Structure formats: structure tokens, C-alpha cells
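**Q** Data: upload31.cif, mmCIF, C-alpha atoms and all ligand atoms.
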```cif
data_final
#
loop_
_atom_site.label_atom_id
_atom_site.label_comp_id
_atom_site.auth_asym_id
_atom_site.auth_seq_id
_atom_site.Cartn_x
_atom_site.Cartn_y
_atom_site.Cartn_z
CA MET A 1 101.74 79.49 87.14
CA ALA A 2 98.75 80.66 89.17
CA ILE A 3 98.82 84.35 90.03
CA ASN A 4 98.91 84.86 93.77
CA ARG A 5 96.36 87.57 94.48
CA ARG A 6 97.53 87.87 98.06
CA VAL A 7 100.80 89.41 96.89
CA LEU A 8 100.51 93.18 96.68
CA THR A 9 102.04 95.04 93.76
CA LEU A 10 104.09 98.19 94.40
CA ASP A 11 101.13 100.34 93.34
CA GLU A 12 98.67 98.45 95.51
CA PHE A 13 101.02 98.65 98.48
CA THR A 14 101.71 102.38 98.20
CA ILE A 15 98.02 103.12 97.72
CA GLN A 16 97.17 100.99 100.75
CA GLN A 17 99.76 102.91 102.80
CA MET A 18 98.38 106.21 101.54
CA ARG A 19 94.84 105.30 102.49
CA SER A 20 95.95 104.81 106.09
CA ILE A 21 97.46 108.31 106.35
CA PRO A 22 94.83 110.99 106.97
CA GLY A 23 95.19 113.85 104.50
CA ALA A 24 97.64 112.04 102.20
CA THR A 25 97.36 113.26 98.61
CA GLY A 26 98.81 110.23 96.82
CA GLU A 27 101.67 112.25 95.34
CA LEU A 28 104.35 110.06 96.90
CA SER A 29 102.56 106.92 95.65
CA GLY A 30 102.48 108.47 92.19
CA LEU A 31 106.15 109.35 92.38
CA LEU A 32 107.10 105.80 93.40
CA ARG A 33 104.95 104.42 90.60
CA ASP A 34 106.80 106.66 88.12
CA ILE A 35 110.17 105.51 89.46
CA GLY A 36 109.00 101.88 89.24
CA LEU A 37 108.04 102.37 85.60
CA ALA A 38 111.41 103.88 84.68
CA ALA A 39 113.14 101.03 86.57
CA LYS A 40 111.23 98.47 84.49
CA ARG A 41 112.40 100.16 81.31
CA VAL A 42 116.00 100.25 82.53
CA ASN A 43 115.69 96.60 83.55
CA VAL A 44 114.74 95.61 80.01
CA GLU A 45 117.83 97.33 78.60
CA VAL A 46 120.14 95.96 81.30
CA ASN A 47 118.88 92.46 80.53
CA LYS A 48 119.62 92.69 76.86
CA ALA A 49 122.84 94.63 77.27
CA GLY A 50 124.85 91.76 75.84
CA LEU A 51 122.67 91.57 72.74
CA VAL A 52 122.47 95.10 71.51
CA ASP A 53 125.10 97.69 70.94
CA ILE A 54 124.46 99.46 74.18
CA LEU A 55 127.53 98.21 76.00
CA GLY A 56 130.67 100.20 76.34
CA ASP A 57 131.63 103.78 76.87
CA ALA A 58 129.50 106.57 75.58
CA GLY A 59 132.72 108.39 74.83
CA THR A 60 132.07 111.14 77.33
CA THR A 61 132.88 111.74 80.97
CA ASN A 62 130.36 112.63 83.65
CA VAL A 63 130.53 115.77 85.76
CA GLN A 64 133.02 114.12 88.12
CA GLY A 65 135.32 113.29 85.24
CA GLU A 66 134.44 109.59 85.28
CA GLU A 67 133.91 107.44 82.24
CA VAL A 68 130.23 107.22 81.31
CA LYS A 69 128.74 104.03 79.94
CA LYS A 70 125.86 104.18 77.49
CA LEU A 71 123.48 102.61 79.96
CA ASP A 72 124.20 105.39 82.48
CA ILE A 73 122.82 107.87 80.01
CA PHE A 74 119.91 105.66 79.02
CA ALA A 75 118.95 105.20 82.68
CA ASN A 76 119.34 108.90 83.40
CA ASN A 77 117.02 109.73 80.51
CA GLN A 78 114.42 107.22 81.64
CA PHE A 79 114.20 108.55 85.20
CA MET A 80 114.29 112.14 84.05
CA GLY A 81 111.69 111.53 81.31
CA VAL A 82 109.19 109.72 83.45
CA LEU A 83 109.36 112.34 86.20
CA ARG A 84 109.33 115.30 83.82
CA HIS A 85 106.22 114.00 82.10
CA GLY A 86 104.59 112.89 85.34
CA ILE A 87 102.80 115.14 87.79
CA ASN A 88 104.61 114.33 91.00
CA CYS A 89 108.06 115.90 90.81
CA ALA A 90 109.20 119.51 90.56
CA GLY A 91 112.82 118.83 89.62
CA ILE A 92 115.66 116.33 89.79
CA GLY A 93 119.36 116.13 90.48
CA SER A 94 121.48 113.32 89.06
CA GLU A 95 125.01 112.00 89.09
CA GLU A 96 124.99 112.34 85.32
CA MET A 97 124.05 116.02 85.20
CA ASP A 98 126.12 119.00 86.26
CA ASP A 99 123.25 120.90 87.78
CA PHE A 100 119.75 120.10 88.98
CA VAL A 101 116.94 120.29 86.41
CA ILE A 102 113.84 122.38 87.02
CA PHE A 103 110.54 121.02 85.66
CA ASP A 104 108.96 124.37 84.91
CA ASP A 105 105.62 123.46 83.41
CA GLU A 106 102.56 124.50 85.41
CA ILE A 107 101.75 121.03 86.80
CA SER A 108 105.27 119.99 87.75
CA MET A 109 105.95 123.35 89.40
CA ASN A 110 102.98 122.65 91.63
CA SER A 111 104.42 119.31 92.78
CA LYS A 112 105.82 119.08 96.24
CA TYR A 113 108.75 116.69 95.75
CA VAL A 114 112.23 116.82 94.29
CA CYS A 115 114.32 113.70 93.61
CA MET A 116 117.95 112.84 93.37
CA PHE A 117 119.33 109.89 91.45
CA ASP A 118 122.32 107.77 90.82
CA PRO A 119 120.68 106.37 87.68
CA LEU A 120 123.14 103.50 87.36
CA ASP A 121 125.34 102.54 90.27
CA GLY A 122 128.22 100.15 89.74
CA SER A 123 128.27 100.84 86.04
CA ALA A 124 131.86 99.62 85.76
CA ASN A 125 130.26 96.18 86.24
CA ILE A 126 127.94 96.36 83.21
CA ASP A 127 130.40 94.81 80.79
CA VAL A 128 130.92 91.76 83.00
CA ASN A 129 127.34 90.84 83.82
CA VAL A 130 127.54 91.78 87.49
CA SER A 131 124.56 93.31 89.32
CA ILE A 132 124.09 97.04 89.02
CA GLY A 133 121.41 99.34 90.35
CA THR A 134 119.66 102.68 90.71
CA ILE A 135 119.58 104.76 93.91
CA PHE A 136 117.10 107.54 94.64
CA SER A 137 116.27 110.06 97.31
CA VAL A 138 113.08 112.11 97.73
CA PHE A 139 112.74 115.44 99.54
CA LYS A 140 109.80 117.73 100.09
CA ARG A 141 110.65 121.07 98.49
CA VAL A 142 111.21 124.00 100.84
CA THR A 143 110.29 126.71 98.34
CA GLU A 144 106.70 127.55 97.57
CA ARG A 145 104.74 125.31 95.25
CA GLY A 146 103.94 126.92 91.91
CA THR A 147 107.42 128.44 91.65
CA PRO A 148 110.51 126.89 90.01
CA VAL A 149 112.60 124.80 92.42
CA THR A 150 115.95 126.20 93.55
CA ALA A 151 119.20 124.84 95.00
CA ALA A 152 117.67 125.16 98.49
CA ASP A 153 115.17 122.41 97.64
CA PHE A 154 117.99 120.01 96.84
CA LEU A 155 120.64 120.96 99.39
CA GLN A 156 118.77 119.64 102.41
CA PRO A 157 120.34 117.33 104.99
CA GLY A 158 119.45 113.65 104.61
CA ASN A 159 117.40 113.68 107.79
CA ARG A 160 114.77 115.60 105.79
CA GLN A 161 114.29 112.84 103.24
CA VAL A 162 110.70 111.65 103.01
CA ALA A 163 111.59 108.51 101.09
CA ALA A 164 114.62 106.81 99.60
CA GLY A 165 115.16 103.62 97.70
CA TYR A 166 117.11 101.56 95.26
CA VAL A 167 116.64 99.05 92.48
CA ILE A 168 118.99 96.13 91.80
CA TYR A 169 119.13 94.66 88.34
CA GLY A 170 120.48 91.31 89.47
CA SER A 171 119.64 87.63 89.52
CA SER A 172 116.17 89.04 90.05
CA THR A 173 115.20 92.68 89.89
CA ILE A 174 114.21 94.17 93.20
CA LEU A 175 113.02 97.61 94.23
CA VAL A 176 113.41 98.52 97.90
CA TYR A 177 112.11 101.75 99.33
CA ALA A 178 111.87 103.29 102.76
CA THR A 179 109.65 105.88 104.32
CA LYS A 180 109.51 106.63 108.02
CA ARG A 181 106.91 103.83 108.21
CA GLY A 182 109.40 101.13 107.23
CA VAL A 183 111.48 99.48 104.54
CA ASN A 184 109.85 97.18 102.00
CA GLY A 185 111.18 95.24 99.01
CA PHE A 186 109.37 94.36 95.80
CA THR A 187 110.64 91.78 93.33
CA LEU A 188 109.80 92.24 89.67
CA ASP A 189 107.36 89.49 88.71
CA GLN A 190 108.19 89.14 85.03
CA SER A 191 104.96 87.21 84.37
CA ILE A 192 102.81 90.26 85.10
CA GLY A 193 105.46 92.96 84.68
CA GLU A 194 104.88 94.30 88.19
CA PHE A 195 107.02 94.82 91.26
CA SER A 196 105.41 92.58 93.90
CA LEU A 197 105.92 92.74 97.65
CA SER A 198 108.50 90.09 98.48
CA HIS A 199 110.43 91.55 101.44
CA PRO A 200 107.94 93.21 103.83
CA ASP A 201 109.28 95.26 106.73
CA ILE A 202 113.01 94.70 106.20
CA GLN A 203 115.04 94.86 109.43
CA CYS A 204 118.81 95.04 109.39
CA PRO A 205 120.17 92.32 111.74
CA PRO A 206 121.92 94.01 114.70
CA THR A 207 125.15 92.20 113.85
CA GLY A 208 126.56 90.02 111.10
CA LYS A 209 129.69 88.38 109.75
CA ILE A 210 130.25 90.24 106.51
CA TYR A 211 132.53 93.22 105.98
CA SER A 212 132.72 94.96 102.63
CA VAL A 213 135.61 97.21 101.72
CA ASN A 214 138.07 97.69 98.85
CA HIS A 215 141.10 95.84 100.23
CA GLY A 216 143.30 97.19 97.45
CA HIS A 217 143.28 100.51 99.29
CA PHE A 218 144.26 98.98 102.63
CA PHE A 219 147.54 100.83 103.03
CA GLN A 220 145.83 104.14 102.32
CA TYR A 221 143.35 103.75 105.18
CA THR A 222 143.85 105.41 108.55
CA PRO A 223 145.26 103.23 111.38
CA GLY A 224 141.76 103.11 112.95
CA VAL A 225 140.21 101.62 109.79
CA GLN A 226 143.15 99.21 109.37
CA ASP A 227 142.79 98.06 112.98
CA TYR A 228 139.07 97.47 112.54
CA ILE A 229 139.72 95.40 109.40
CA HIS A 230 142.23 93.34 111.36
CA ALA A 231 139.62 92.85 114.07
CA CYS A 232 137.18 91.56 111.42
CA GLN A 233 139.83 89.06 110.33
CA ALA A 234 140.64 87.90 113.85
CA LYS A 235 139.40 84.60 115.19
CA ASN A 236 138.05 86.34 118.27
CA ALA A 237 136.01 88.96 116.38
CA SER A 238 133.10 89.92 118.60
CA ASN A 239 130.47 87.93 116.72
CA GLY A 240 132.73 84.90 116.21
CA GLY A 241 135.42 85.51 113.60
CA PRO A 242 136.96 85.64 111.22
CA TYR A 243 134.27 87.48 109.30
CA THR A 244 133.73 87.02 105.59
CA GLN A 245 134.87 89.74 103.20
CA ARG A 246 132.48 90.48 100.32
CA TYR A 247 132.94 93.37 97.91
CA ILE A 248 131.08 93.45 94.60
CA GLY A 249 131.97 97.00 93.61
CA SER A 250 128.31 97.89 93.13
CA MET A 251 127.42 99.56 96.41
CA VAL A 252 123.77 98.97 95.75
CA SER A 253 124.34 95.20 95.80
CA ASP A 254 126.89 95.25 98.61
CA VAL A 255 124.67 97.27 100.93
CA HIS A 256 121.53 95.33 99.98
CA ARG A 257 123.19 92.03 100.90
CA ASN A 258 124.44 93.43 104.20
CA LEU A 259 121.03 94.93 104.97
CA ILE A 260 119.41 91.51 104.59
CA LYS A 261 122.15 89.34 106.11
CA GLY A 262 123.81 91.73 108.55
CA GLY A 263 127.19 93.28 107.87
CA ILE A 264 129.15 96.46 107.38
CA PHE A 265 130.10 98.38 104.22
CA MET A 266 132.92 100.92 104.23
CA TYR A 267 134.27 103.39 101.70
CA PRO A 268 136.79 105.37 103.76
CA ALA A 269 138.78 108.39 102.66
CA ILE A 270 142.00 107.43 100.86
CA LYS A 271 145.07 109.44 99.90
CA ASP A 272 143.89 109.92 96.29
CA LYS A 273 140.36 110.74 97.46
CA PRO A 274 140.65 112.55 100.79
CA GLY A 275 136.91 113.33 100.80
CA GLY A 276 136.00 109.72 99.98
CA LYS A 277 134.58 108.52 96.69
CA LEU A 278 130.87 108.13 97.21
CA ARG A 279 128.45 110.96 96.66
CA LEU A 280 126.47 112.25 99.63
CA MET A 281 123.26 113.27 97.92
CA TYR A 282 122.39 110.30 95.75
CA GLU A 283 124.51 107.45 97.11
CA CYS A 284 125.10 107.87 100.85
CA ASN A 285 122.01 109.80 102.02
CA PRO A 286 119.51 107.36 100.51
CA PHE A 287 121.32 104.33 101.93
CA ALA A 288 121.82 106.00 105.31
CA TYR A 289 118.09 106.69 105.47
CA ILE A 290 117.07 103.17 104.42
CA VAL A 291 119.51 101.43 106.76
CA GLU A 292 118.62 103.64 109.74
CA ILE A 293 114.90 103.01 109.23
CA ALA A 294 115.77 99.29 109.18
CA GLY A 295 117.60 99.62 112.52
CA GLY A 296 121.19 100.08 111.31
CA VAL A 297 123.65 102.98 111.47
CA ALA A 298 125.42 105.18 108.87
CA THR A 299 128.25 107.65 109.51
CA ASP A 300 131.12 109.42 107.76
CA GLY A 301 133.43 108.19 110.52
CA THR A 302 132.75 111.15 112.77
CA GLN A 303 129.08 112.02 112.42
CA ARG A 304 125.74 110.71 111.24
CA ILE A 305 125.51 110.91 107.45
CA LEU A 306 121.92 112.19 107.69
CA ASP A 307 123.03 115.23 109.72
CA ILE A 308 125.53 116.53 107.15
CA GLN A 309 124.46 119.89 105.76
CA PRO A 310 125.21 119.60 102.04
CA THR A 311 126.91 122.39 100.14
CA GLY A 312 126.93 120.89 96.65
CA LEU A 313 124.93 118.42 94.61
CA HIS A 314 127.94 116.24 93.86
CA GLN A 315 129.88 116.41 97.12
CA ARG A 316 131.59 113.25 98.34
CA THR A 317 131.93 111.75 101.78
CA PRO A 318 133.62 108.81 103.48
CA PHE A 319 130.88 106.26 104.15
CA TYR A 320 130.38 103.57 106.80
CA VAL A 321 127.04 101.80 106.98
CA GLY A 322 125.62 98.63 108.42
CA SER A 323 124.48 96.61 111.39
CA LYS A 324 124.22 98.56 114.61
CA LEU A 325 126.65 96.54 116.74
CA MET A 326 129.26 96.29 114.00
CA MET A 327 129.06 100.04 113.49
CA GLU A 328 129.52 100.55 117.23
CA GLU A 329 132.61 98.36 117.18
CA LEU A 330 134.00 100.22 114.15
CA ASN A 331 133.41 103.49 115.97
CA SER A 332 135.45 102.28 118.96
CA TYR A 333 138.43 101.86 116.59
CA LEU A 334 137.90 105.16 114.78
CA THR A 335 137.80 107.11 118.03
CA LYS A 336 140.78 105.37 119.73
P1 LIG B 401 129.04 104.58 90.02
O1 LIG B 401 129.01 103.41 89.08
O2 LIG B 401 127.68 105.23 90.16
O3 LIG B 401 130.11 105.58 89.68
O4 LIG B 401 129.37 104.07 91.52
C1 LIG B 401 130.35 103.12 91.77
C2 LIG B 401 130.67 103.16 93.23
C3 LIG B 401 129.96 102.16 94.12
O5 LIG B 401 128.85 101.54 93.62
C4 LIG B 401 131.01 101.15 94.49
O6 LIG B 401 130.81 100.65 95.76
C5 LIG B 401 132.28 101.92 94.36
O7 LIG B 401 132.06 102.90 93.40
C6 LIG B 401 133.44 101.06 93.98
O8 LIG B 401 134.60 101.82 93.96
P2 LIG B 401 136.05 101.16 93.96
O9 LIG B 401 136.20 100.48 92.64
O10 LIG B 401 136.97 102.35 94.13
O11 LIG B 401 136.13 100.22 95.12
MN MN B 402 127.18 105.10 92.12
MN MN B 403 126.26 105.95 88.62
#
```
When written as C-alpha cells, how does the structure in this file appear?
Ligand code: AHG
Ligand code: MN
Ligand code: MN

**A**
Amino acid sequence: MAINRRVLTLDEFTIQQMRSIPGATGELSGLLRDIGLAAKRVNVEVNKAGLVDILGDAGTTNVQGEEVKKLDIFANNQFMGVLRHGINCAGIGSEEMDDFVIFDDEISMNSKYVCMFDPLDGSANIDVNVSIGTIFSVFKRVTERGTPVTAADFLQPGNRQVAAGYVIYGSSTILVYATKRGVNGFTLDQSIGEFSLSHPDIQCPPTGKIYSVNHGHFFQYTPGVQDYIHACQAKNASNGGPYTQRYIGSMVSDVHRNLIKGGIFMYPAIKDKPGGKLRLMYECNPFAYIVEIAGGVATDGTQRILDIQPTGLHQRTPFYVGSKLMMEELNSYLTK
């Protein structure tokens, strides 16, 4: 197969973007390159998960008391390792680690960014060959460079993110990232081992016909959420119903599909989980940022996700995200 030189790789694209910003230092490009490298390593392991003894539980529970799969730990170590040994990140927070980690060597302490990760999202799907992913969020530190990062650098509201993204290890492997300049997707070209620009300037369609929610929890949802679900099922749904229900159980795949095709994803509060299930800092904030940049909307049912002032690295929130008009319709039911 001839190599198409007109297709930019992730590195070429980020460097091109950097060159157009006066005064840019290239640190964000470097950080994204590091994340891309770790993602390629994780991709290799995900792809051979059925062949080697990496499947199954690691026999431990993560900091939220959930079962941890071996690949969660592998992925966590890859992202942490590549950023610790790189020169573009001063510390990370992760779903798999109780507390944030400070990179306290001279060079890392002088970096201006901190990152947060869900190293493997949807990991309950590993054993059954269903798409899983990685989610990340990047903030500029608020403490002085040259000093160790502190909780204040991590506990910033999502509206201060400078970049956010995700990787899906699926039928193909894709890395999507957003900055305030736009959302772009890069598919892993296995022939050259590089993420290559495949989805330039992603825009979330203003409406769609897909709603994604765990229907098993239906009777635990508030009347407003139940009414909205009924509206999605009705023949006279605003965009021509009934809509189609799609729920993979890997948010990264569910939200990616809805971002491309138009749709809404919901993880409301339920009786067992009154604060919701999904984590603000490394699941909801990054997706809220990406989807908003693409023209969509993300809320916790009452306010914009990106305006929530976080109090803890692992805090949870109800989450509603998707196409602008569908989110507006949902809101009319939630506020009735
Ligand atoms: P993780 O694997 O990182 O713990 O996240 C799983 C999340 C999310 O990806 C998915 O949408 C949701 O959990 C599914 O939860 P339910 O099985 O409760 O619907
Ligand atoms: Mn997750
Ligand atoms: Mn996870």
C-alpha cells in the first residue's frame, strides 16, 4: 500500500499547530506525543489480550473499591511511566491511584502541565472483546514551576483544561483530542505505527437519534429522566422517533459514537449511587470539554460540568452529554 504523504501524523499535526501559535513552547505537543506513545503500547497489549495471560482480575480493588483488571494496571503504568520519564508533565492523577503523583525530578518539576487519566475505561468489557479506551485531561499548573505540584494544580474546574482527549482500542484504534482550537481524531495506521489524522475538525451534530443509558436502572431514575427516556421512545420524538438506544458500557465508545453521529449519553444518579457513578476529573471533565468544543453540551443535570469546582480527585457526578438540541430537550424534562 502506498503511503499517503498528505496525511499528517499526530506529531506532525501538533507541531504544525504549535508553529501557528506565537510564543508556543512545544510542551503540549510533546505531552500529546508521550500520551500517543503510551497509547500505542497499551494498544499492543489490548490486541493480544486473548493470547497472553493478561486477562482477568489482578486480584486487587482500586481506590473506589472496584475490581481491577490486569490491563488497568498495565495501562496505568504505561501512562505514568512515559510521562514520568518525559519532560512535559509535572504530575499525574489516575483512577487507579489513591492520590496524585508528583514528578519531583528537576526537569519534570519545571514542566507546566499536570494530567489526569482513566487509563482503561470500560475495563469490564476486556474479557469479552468489546471496545475499551483511555481518557485524559490536561491542566496548566497553578503553582510555580520548579516546585512540586500540589492538590491545587489538580483540583481545578474543567473550564481550565487546556486539552483533553481519549483513545479507543476498537475495530480500529483512534486517538481524539481537543484544545480550544478544535477537536481532531487520529487513527492508528498499523503499517507505519503512527496515529494519522483521519477525523479533522470533529463537530457534534446538533441533534441525533441515539440515546445511551443503562436501562436496567430505569426505575431508579428521577421522574424527569424517566419522562425524557419515554420521549426518546415516542413516535413523535422531536427529531422523528422513536430514537435508537445504544449502550456499550464503555463510555469512551458510547460518547465517541454519539459525538460523530449525534446523540445523547446519560449516567444519572441512582438510588445505590446518589452522586452518580462516573468520575468528574478523568471521565466527565475531559468528555465535557471535548463535546463542548465540538458544539455539544455537558451537564450534571443542573449545571455545566465544566463549572463544577472539584473537591476531590475521585469525586463522582451524574453526567449528561451530547448533541445541543437533545440536551436542551432533556433539560426541559429535568426542570419541569
Ligand atoms: P471504568 O471501566 O473506568 O470503571 O468505567 C466504566 C464506566 C463507563 O465507561 C461506563 O459507561 C459505565 O461505567 C458503565 O456502568 P454501568 O455498567 O453501571 O452501566
Ligand atoms: Mn472509566
Ligand atoms: Mn478505568

**Q** With only C-alpha atoms as the counted atoms, please give the residues lying no more than 8 Å from Ser250 (chain A), apart from itself and same-chain residues fewer than 4 positions off, as a list in words.

**A**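 Near Ser250 (chain A), the qualifying residues are Asp121, Gly122, Ser123, Asn125, Ser131, Ile132, Gly133 and Asp254 of chain A.
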
**Q** Name all residues at most 6 Å from Met266 (chain A) (count only C-alpha atoms; drop same-chain ones fewer than 4 positions away) and give them as a PyMOL selection string.

**A** chain A and resi 213+319-320

**Q** Compile a residue-level contact table for chain A against ligand LIG 401 (chain B) at a cut-off of 10 Å, reporting for every qualifying residue the shortest atom pair and its distance in Å to one decimal, with only C-alpha atoms and all ligand atoms counted, rows ordered by chain and ascending number, as a tab-separated table.

**A**
```
residue	atom	partner	partner_atom	distance
A:Asn62	CA	B:LIG401	O3	9.3
A:Gln64	CA	B:LIG401	O3	9.2
A:Glu66	CA	B:LIG401	O3	7.4
A:Glu67	CA	B:LIG401	O3	8.6
A:Val68	CA	B:LIG401	O3	8.5
A:Lys69	CA	B:LIG401	O1	9.2
A:Asp72	CA	B:LIG401	O1	8.4
A:Glu95	CA	B:LIG401	O2	7.4
A:Glu96	CA	B:LIG401	O2	9.0
A:Phe117	CA	B:LIG401	O2	9.6
A:Asp118	CA	B:LIG401	O2	6.0
A:Pro119	CA	B:LIG401	O2	7.5
A:Leu120	CA	B:LIG401	O2	5.6
A:Asp121	CA	B:LIG401	O2	3.6
A:Gly122	CA	B:LIG401	O1	3.4
A:Ser123	CA	B:LIG401	O1	4.0
A:Ala124	CA	B:LIG401	O1	5.8
A:Asn125	CA	B:LIG401	O1	7.9
A:Ile126	CA	B:LIG401	O1	9.2
A:Ile132	CA	B:LIG401	O5	8.0
A:Gly133	CA	B:LIG401	O5	8.4
A:Thr134	CA	B:LIG401	O2	8.4
A:Ile135	CA	B:LIG401	O2	8.9
A:Ser212	CA	B:LIG401	O6	9.1
A:Val213	CA	B:LIG401	O11	7.3
A:Asn214	CA	B:LIG401	O11	4.9
A:His215	CA	B:LIG401	O11	8.4
A:Gly216	CA	B:LIG401	O11	8.1
A:His217	CA	B:LIG401	O11	8.3
A:Tyr247	CA	B:LIG401	O6	7.9
A:Ile248	CA	B:LIG401	O6	7.3
A:Gly249	CA	B:LIG401	C6	4.3
A:Ser250	CA	B:LIG401	O5	3.7
A:Met251	CA	B:LIG401	O6	3.6
A:Val252	CA	B:LIG401	O5	6.1
A:Ser253	CA	B:LIG401	O5	8.1
A:Asp254	CA	B:LIG401	O6	7.3
A:Val255	CA	B:LIG401	O6	8.7
A:Phe265	CA	B:LIG401	O6	8.8
A:Met266	CA	B:LIG401	O6	8.7
A:Tyr267	CA	B:LIG401	O6	7.4
A:Ile270	CA	B:LIG401	O10	9.8
A:Lys273	CA	B:LIG401	O10	9.6
A:Gly276	CA	B:LIG401	O10	9.5
A:Lys277	CA	B:LIG401	O7	7.0
A:Leu278	CA	B:LIG401	C2	6.4
A:Arg279	CA	B:LIG401	O4	8.6
A:Tyr282	CA	B:LIG401	O2	9.2
A:Glu283	CA	B:LIG401	O2	8.0
```

**Q** May I have the protein, DNA and RNA residues with any atom at most 10 Å from the point (130.4, 87.7, 117.1), counting all atoms listed in the file, written as a list in words?

**A**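 Protein and nucleic acid residues near the point are Thr207, Gly208, Lys209, Cys232, Lys235, Asn236, Ala237, Ser238, Asn239, Gly240, Gly241, Pro242, Tyr243, Leu325 and Met326 of chain A.
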
**Q** In Å to one decimal, how far is CA of Met97 (chain A) from CA of His314 (chain A)?

**A**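 Computed distance, CA of His314 (chain A) to CA of Met97 (chain A), equals 9.5 Å.
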
**Q** Of the candidates A:Ile290, A:Ile260, A:Ala39, A:Leu71, which one gets nearest to Arg181 (chain A) if we count all atoms listed in the file?

**A**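 Smallest separation from Arg181 (chain A) among the options: A:Ile290.
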
**Q** Contacts of Pro206 (chain A) at 9 Å or less, counting only C-alpha atoms, minus same-chain residues fewer than 6 places along, as a PyMOL selection string?

**A** chain A and resi 262-263+295-296+322-326

**Q** Deliver the residues from the most recent selection as a file, using C-alpha atoms, as a compact mmCIF listing (two decimals), in the coordinates of the input.

**A**
```
# COMPACT_ATOMS: atom_id res chain seq x y z
CA GLY A 262 123.81 91.73 108.55
CA GLY A 263 127.19 93.28 107.87
CA GLY A 295 117.60 99.62 112.52
CA GLY A 296 121.19 100.08 111.31
CA GLY A 322 125.62 98.63 108.42
CA SER A 323 124.48 96.61 111.39
CA LYS A 324 124.22 98.56 114.61
CA LEU A 325 126.65 96.54 116.74
CA MET A 326 129.26 96.29 114.00
```

**Q** Have a look at A:Leu10, A:Ala234, A:Leu334, A:Val291 and name the one nearest to Gly36 (chain A); count only C-alpha atoms.

**A**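 The closest residue to Gly36 (chain A) is A:Leu10.
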